[in-house]
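Worksheet: one structure, shown below.
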Amino acid sequence: MGKHHLSDLLKKVIDESLEQLIGLWEEIGFPEEQLDERCNSVVRHVENLFEEMVQQEASVRDGLVNKIKDIGEKLKVLSKELSLPLYQPDPKLKILQCRKDLHLKLEALTKQKHTRMVALKKLLDQEQVLCDRLKAKTYPISSNCVPSDNQLWELEKHIETLQAEQEKRFATFIIIREQVQEVMKEIDTTASTAFERQALVEDESQFILSSENMSALTDLQVEVNDRKMKAEEKMQSMKNRLNLLWNRLETPDQTREEFLADKVSLTQDTFTALTEEITRLEALKHSQMEKVCVSMKRELEQWWDVCFIPKEQRDECKSYKTEGVFTDAVVDALETEIGRLQAFYQRHESLYSQVKQWEQLLEEFTVLEKKANDPNRYNNRGGALLQEEKTRKRIMKDLPKLEANLEELIKKWEEEQNLKFVIYGMAFSDYVVKRYEQIKEEKEREKEQRVSI
């Protein structure tokens, strides 16, 4: 309704009301002074009415303005919490429009805050589960403060990192757990500590995947594997002892194989059985000391041959020279000497095996040389003669190469070991010369024998 229209309506109402009042006053017959008083009363009443109405409307306006201020304060707080610039309404808006505009903005920001807080709680709950499992530090953010979009994004990335780390650690945990369980089963042992029970027996989903626990798990794996290795070494040592005793006692292969057939696991039962058998054989060895001593001396001779020990050095072995003496002291001395030679040979087996190869090649050459000098070599030989000649020429070509290579290897070995490598008490080069001289002398003797015949 426009201002002019309102003015016209009020004028009409006033005119009609005044006409009725004046008619009533004339009908009553008020004197002139009372009529003036009543007219003034009407004016005052109308003025009071309008003044009251103006005050009421001004109060409505002030209430709206205060409401706008209140909404503005709330918006200021929300904007700060949400890290947003303070919203500024259009200054051209009327009071009611401004209040509505600000109220809608307040609702939007309140909803945005609620959304962020809900998202934050959900993310913090996820993070807490992961941090509890990994014993990791939480992201530095308060659950009571409204997070920014960037903080929520960073928290999500932090959770993704934690999730990836949990998956990685859990996969590692399962691999180590299964490997350790398998090894402990092999060595016939069970989880004995609280940590071992947590890691190996209890529900795998409840294991705390902290850095400390993962490190302890790795240590446990190393420890268990070390226990297995020591158990294997112990078993091998016991089996070596068994073989040694069997050799001393000349035990048949079938008996050995039957005993060892089921002695493959690293269980206590296996070790007990091995221990009992060693004890039995040790007792049997003592009861057959002469047989054992003879067997050990034969074995010592074999190691002397393998290691090219000269006669002079062999003669110095007192335990070998004992005749008719079969005691523990003799057995122990023989065993010590055999063990020393065996260990030395095993440390330098590659070099000794090549010297042995040279010896065999030289022996083959010697045999072929004898055949080549045999006057009857053309009788009934067929293609064998041609093949022998090819082999002899090949050996003649290979021998110098092998000798030169051995000289280099021996030189390097002597520098590394700070020892002299000797064959039957002489340097390899001297031994080679001696062997060729022996072959030459043998050929000369055979030639003389043929001439004398």
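Ordering of the structure tokens sets the chain letters (A, B, ...), residue numbers begin anew at 1 in every chain, and ligands are numbered from 1 in the order given.
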Item to check | For Ser192 of chain A: contacts at 12 Å, only C-alpha atoms, fewer than 6 positions along chain excluded, given as a PyMOL selection string | outcome: chain A and resi 184+198-201+220
Write the residues of the preceding selection, restricted to C-alpha atoms, as a compact mmCIF listing (two decimals), in the first residue's frame.
# COMPACT_ATOMS: atom_id res chain seq x y z
CA MET A 184 60.27 -73.58 15.41
CA GLN A 198 51.60 -62.70 20.78
CA ALA A 199 53.52 -62.97 17.51
CA LEU A 200 53.18 -66.68 16.79
CA VAL A 201 50.15 -68.10 18.61
CA LEU A 220 63.20 -63.28 16.82
Checklist entry - Which residues, written as a list in words, have at least one atom at most 7 Å from Val224 of chain A, with only C-alpha atoms counted and residues fewer than 3 positions away on the same chain left out? => result Val180, Val183, Met184, Leu220, Gln221, Arg227 and Lys228 of chain A
Prev. selection, N, CA and C atoms, output as a short mmCIF file (atom, residue, chain, number, x, y, z; two decimals), in the first residue's frame:
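Okay, this is what ended up in part-v6.cif:
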data_model
loop_
_atom_site.label_atom_id
_atom_site.label_comp_id
_atom_site.auth_asym_id
_atom_site.auth_seq_id
_atom_site.Cartn_x
_atom_site.Cartn_y
_atom_site.Cartn_z
N VAL A 180 58.96 -68.23 10.94
CA VAL A 180 59.40 -68.56 12.29
C VAL A 180 58.63 -69.76 12.82
N VAL A 183 60.13 -72.82 11.25
CA VAL A 183 61.44 -73.16 11.81
C VAL A 183 61.31 -73.73 13.22
N MET A 184 60.45 -73.10 14.04
CA MET A 184 60.27 -73.58 15.41
C MET A 184 59.69 -75.00 15.42
N LEU A 220 63.65 -61.92 16.53
CA LEU A 220 63.20 -63.28 16.82
C LEU A 220 63.47 -64.20 15.64
N GLN A 221 63.21 -63.69 14.43
CA GLN A 221 63.48 -64.48 13.23
C GLN A 221 64.96 -64.84 13.13
N ARG A 227 69.17 -70.51 15.90
CA ARG A 227 68.97 -71.76 16.65
C ARG A 227 68.92 -72.96 15.70
N LYS A 228 68.23 -72.75 14.56
CA LYS A 228 68.13 -73.83 13.58
C LYS A 228 69.52 -74.15 13.01
#
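In this comparison, which uses only C-alpha atoms, the residue of A:Ser211, A:Ser295, A:Ser237, A:Gln112 approaching Ile338 of chain A most closely is A:Ser295.
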Item to check | Spatial neighbours of Met214 of chain A, max dist 12 Å, only C-alpha atoms, sep filter under 5 positions, as a PyMOL selection string | outcome: chain A and resi 133-135+165-166+168-177+195+199+207-209+219-221
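Contact shell of segment 185-190 of chain A at 6 Å (only C-alpha atoms; same-chain neighbours under 2 positions omitted): Glu182, Val183, Leu266 and Thr267 of chain A.
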Go ahead and dump the residues you just picked, N, CA and C atoms, as a PDB file, in the first residue's frame.
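Printed below is out.pdb as written:
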ATOM      1  N   GLU A 182      57.387 -72.166  11.104  1.00  0.00           N
ATOM      2  CA  GLU A 182      57.897 -73.352  10.416  1.00  0.00           C
ATOM      3  C   GLU A 182      59.232 -73.803  11.012  1.00  0.00           C
ATOM      4  N   VAL A 183      60.125 -72.823  11.254  1.00  0.00           N
ATOM      5  CA  VAL A 183      61.445 -73.164  11.805  1.00  0.00           C
ATOM      6  C   VAL A 183      61.310 -73.727  13.215  1.00  0.00           C
ATOM      7  N   LEU A 266      65.109 -82.073  13.081  1.00  0.00           N
ATOM      8  CA  LEU A 266      65.919 -81.462  14.140  1.00  0.00           C
ATOM      9  C   LEU A 266      65.212 -81.532  15.494  1.00  0.00           C
ATOM     10  N   THR A 267      64.497 -82.606  15.728  1.00  0.00           N
ATOM     11  CA  THR A 267      63.740 -82.745  16.970  1.00  0.00           C
ATOM     12  C   THR A 267      64.622 -83.309  18.076  1.00  0.00           C
TER      13      THR A 267
END
Checklist outcome for this item: In terms of only C-alpha atoms, the residue from A:Val355, A:Leu102, A:Leu6, A:Leu244 at minimal distance from Ile278 of chain A is A:Leu244
Using only C-alpha atoms, which protein or nucleic acid residues come within 12 Å of Arg241 of chain A? Drop anything in the same chain fewer than 6 positions from it, and give the result as a PDB file with N, CA and C atoms, in the first residue's frame.
ATOM      1  N   LYS A 234      75.018 -78.856  14.930  1.00  0.00           N
ATOM      2  CA  LYS A 234      75.152 -79.884  15.966  1.00  0.00           C
ATOM      3  C   LYS A 234      74.842 -81.259  15.393  1.00  0.00           C
ATOM      4  N   MET A 235      73.754 -81.324  14.588  1.00  0.00           N
ATOM      5  CA  MET A 235      73.380 -82.614  14.007  1.00  0.00           C
ATOM      6  C   MET A 235      74.465 -83.094  13.042  1.00  0.00           C
ATOM      7  N   ASN A 247      83.359 -95.679  10.588  1.00  0.00           N
ATOM      8  CA  ASN A 247      84.556 -95.993   9.798  1.00  0.00           C
ATOM      9  C   ASN A 247      85.584 -96.727  10.649  1.00  0.00           C
ATOM     10  N   ARG A 248      85.767 -96.228  11.871  1.00  0.00           N
ATOM     11  CA  ARG A 248      86.731 -96.868  12.762  1.00  0.00           C
ATOM     12  C   ARG A 248      86.350 -98.333  13.016  1.00  0.00           C
ATOM     13  N   LEU A 274      70.723 -89.925  18.267  1.00  0.00           N
ATOM     14  CA  LEU A 274      72.112 -89.775  17.816  1.00  0.00           C
ATOM     15  C   LEU A 274      73.084 -89.881  18.997  1.00  0.00           C
ATOM     16  N   THR A 275      72.717 -89.204  20.090  1.00  0.00           N
ATOM     17  CA  THR A 275      73.576 -89.240  21.286  1.00  0.00           C
ATOM     18  C   THR A 275      73.728 -90.664  21.806  1.00  0.00           C
ATOM     19  N   GLU A 277      73.405 -93.428  20.127  1.00  0.00           N
ATOM     20  CA  GLU A 277      74.185 -94.248  19.192  1.00  0.00           C
ATOM     21  C   GLU A 277      75.677 -93.929  19.297  1.00  0.00           C
ATOM     22  N   ILE A 278      75.993 -92.629  19.448  1.00  0.00           N
ATOM     23  CA  ILE A 278      77.400 -92.245  19.618  1.00  0.00           C
ATOM     24  C   ILE A 278      77.971 -92.864  20.893  1.00  0.00           C
ATOM     25  N   THR A 279      77.190 -92.798  21.959  1.00  0.00           N
ATOM     26  CA  THR A 279      77.625 -93.387  23.237  1.00  0.00           C
ATOM     27  C   THR A 279      77.865 -94.884  23.089  1.00  0.00           C
ATOM     28  N   LEU A 281      78.556 -96.500  20.299  1.00  0.00           N
ATOM     29  CA  LEU A 281      79.714 -96.750  19.435  1.00  0.00           C
ATOM     30  C   LEU A 281      81.028 -96.432  20.140  1.00  0.00           C
ATOM     31  N   GLU A 282      81.008 -95.382  20.981  1.00  0.00           N
ATOM     32  CA  GLU A 282      82.214 -95.055  21.754  1.00  0.00           C
ATOM     33  C   GLU A 282      82.588 -96.225  22.668  1.00  0.00           C
ATOM     34  N   GLU A 335      93.547 -89.399  15.795  1.00  0.00           N
ATOM     35  CA  GLU A 335      92.377 -88.610  15.412  1.00  0.00           C
ATOM     36  C   GLU A 335      92.744 -87.136  15.232  1.00  0.00           C
ATOM     37  N   GLY A 339      92.450 -85.209  11.744  1.00  0.00           N
ATOM     38  CA  GLY A 339      91.632 -83.996  11.706  1.00  0.00           C
ATOM     39  C   GLY A 339      92.411 -82.805  11.192  1.00  0.00           C
TER      40      GLY A 339
END
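With atom CA of Pro310 of chain A on one side and atom CA of Tyr431 of chain A on the other, the separation reads 11.6 Å.
The nearest approach to Val422 of chain A among the residues A:Tyr87, A:Tyr352, A:Phe326, A:Phe271, with only C-alpha atoms taken into account, belongs to A:Tyr352.
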Checklist entry - Between A:Glu204, A:Glu47, A:Asp101, A:Glu52, which is the closest to Pro89 of chain A once you count only C-alpha atoms? => result A:Asp101
Checklist entry - Skipping near chain neighbours, those fewer than 3 positions away, what residues fall within 10 Å of Phe259 of chain A using only C-alpha atoms, listed as a VMD selection string? => result chain A and resid 253 to 256 262 to 263 273 to 274 277
Restricted to C-alpha atoms, what would the selected residues look like written as a PDB file, in the first residue's frame?
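Okay, this is what ended up in out.pdb:
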ATOM      1  CA  ASP A 253      76.844 -99.217   4.830  1.00  0.00           C
ATOM      2  CA  GLN A 254      73.452-100.874   5.130  1.00  0.00           C
ATOM      3  CA  THR A 255      73.561-100.597   8.917  1.00  0.00           C
ATOM      4  CA  ARG A 256      74.458 -96.920   8.667  1.00  0.00           C
ATOM      5  CA  ASP A 262      64.611 -91.484   9.920  1.00  0.00           C
ATOM      6  CA  LYS A 263      67.201 -89.185  11.547  1.00  0.00           C
ATOM      7  CA  ALA A 273      68.847 -91.130  19.275  1.00  0.00           C
ATOM      8  CA  LEU A 274      72.112 -89.775  17.816  1.00  0.00           C
ATOM      9  CA  GLU A 277      74.185 -94.248  19.192  1.00  0.00           C
TER      10      GLU A 277
END
Checklist entry - So which bits of segment 323-443 of chain A end up strand (DSSP E) when you DSSP the backbone, as a PyMOL selection string? => result chain A and resi 422-423+426-427
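Here atom CA of Cys293 of chain A stands at a distance of 8.4 Å from atom CA of Thr327 of chain A.
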Checklist entry - Separation of atom CA of Leu242 of chain A and atom CA of Lys285 of chain A, in Å? => result 11.5 Å
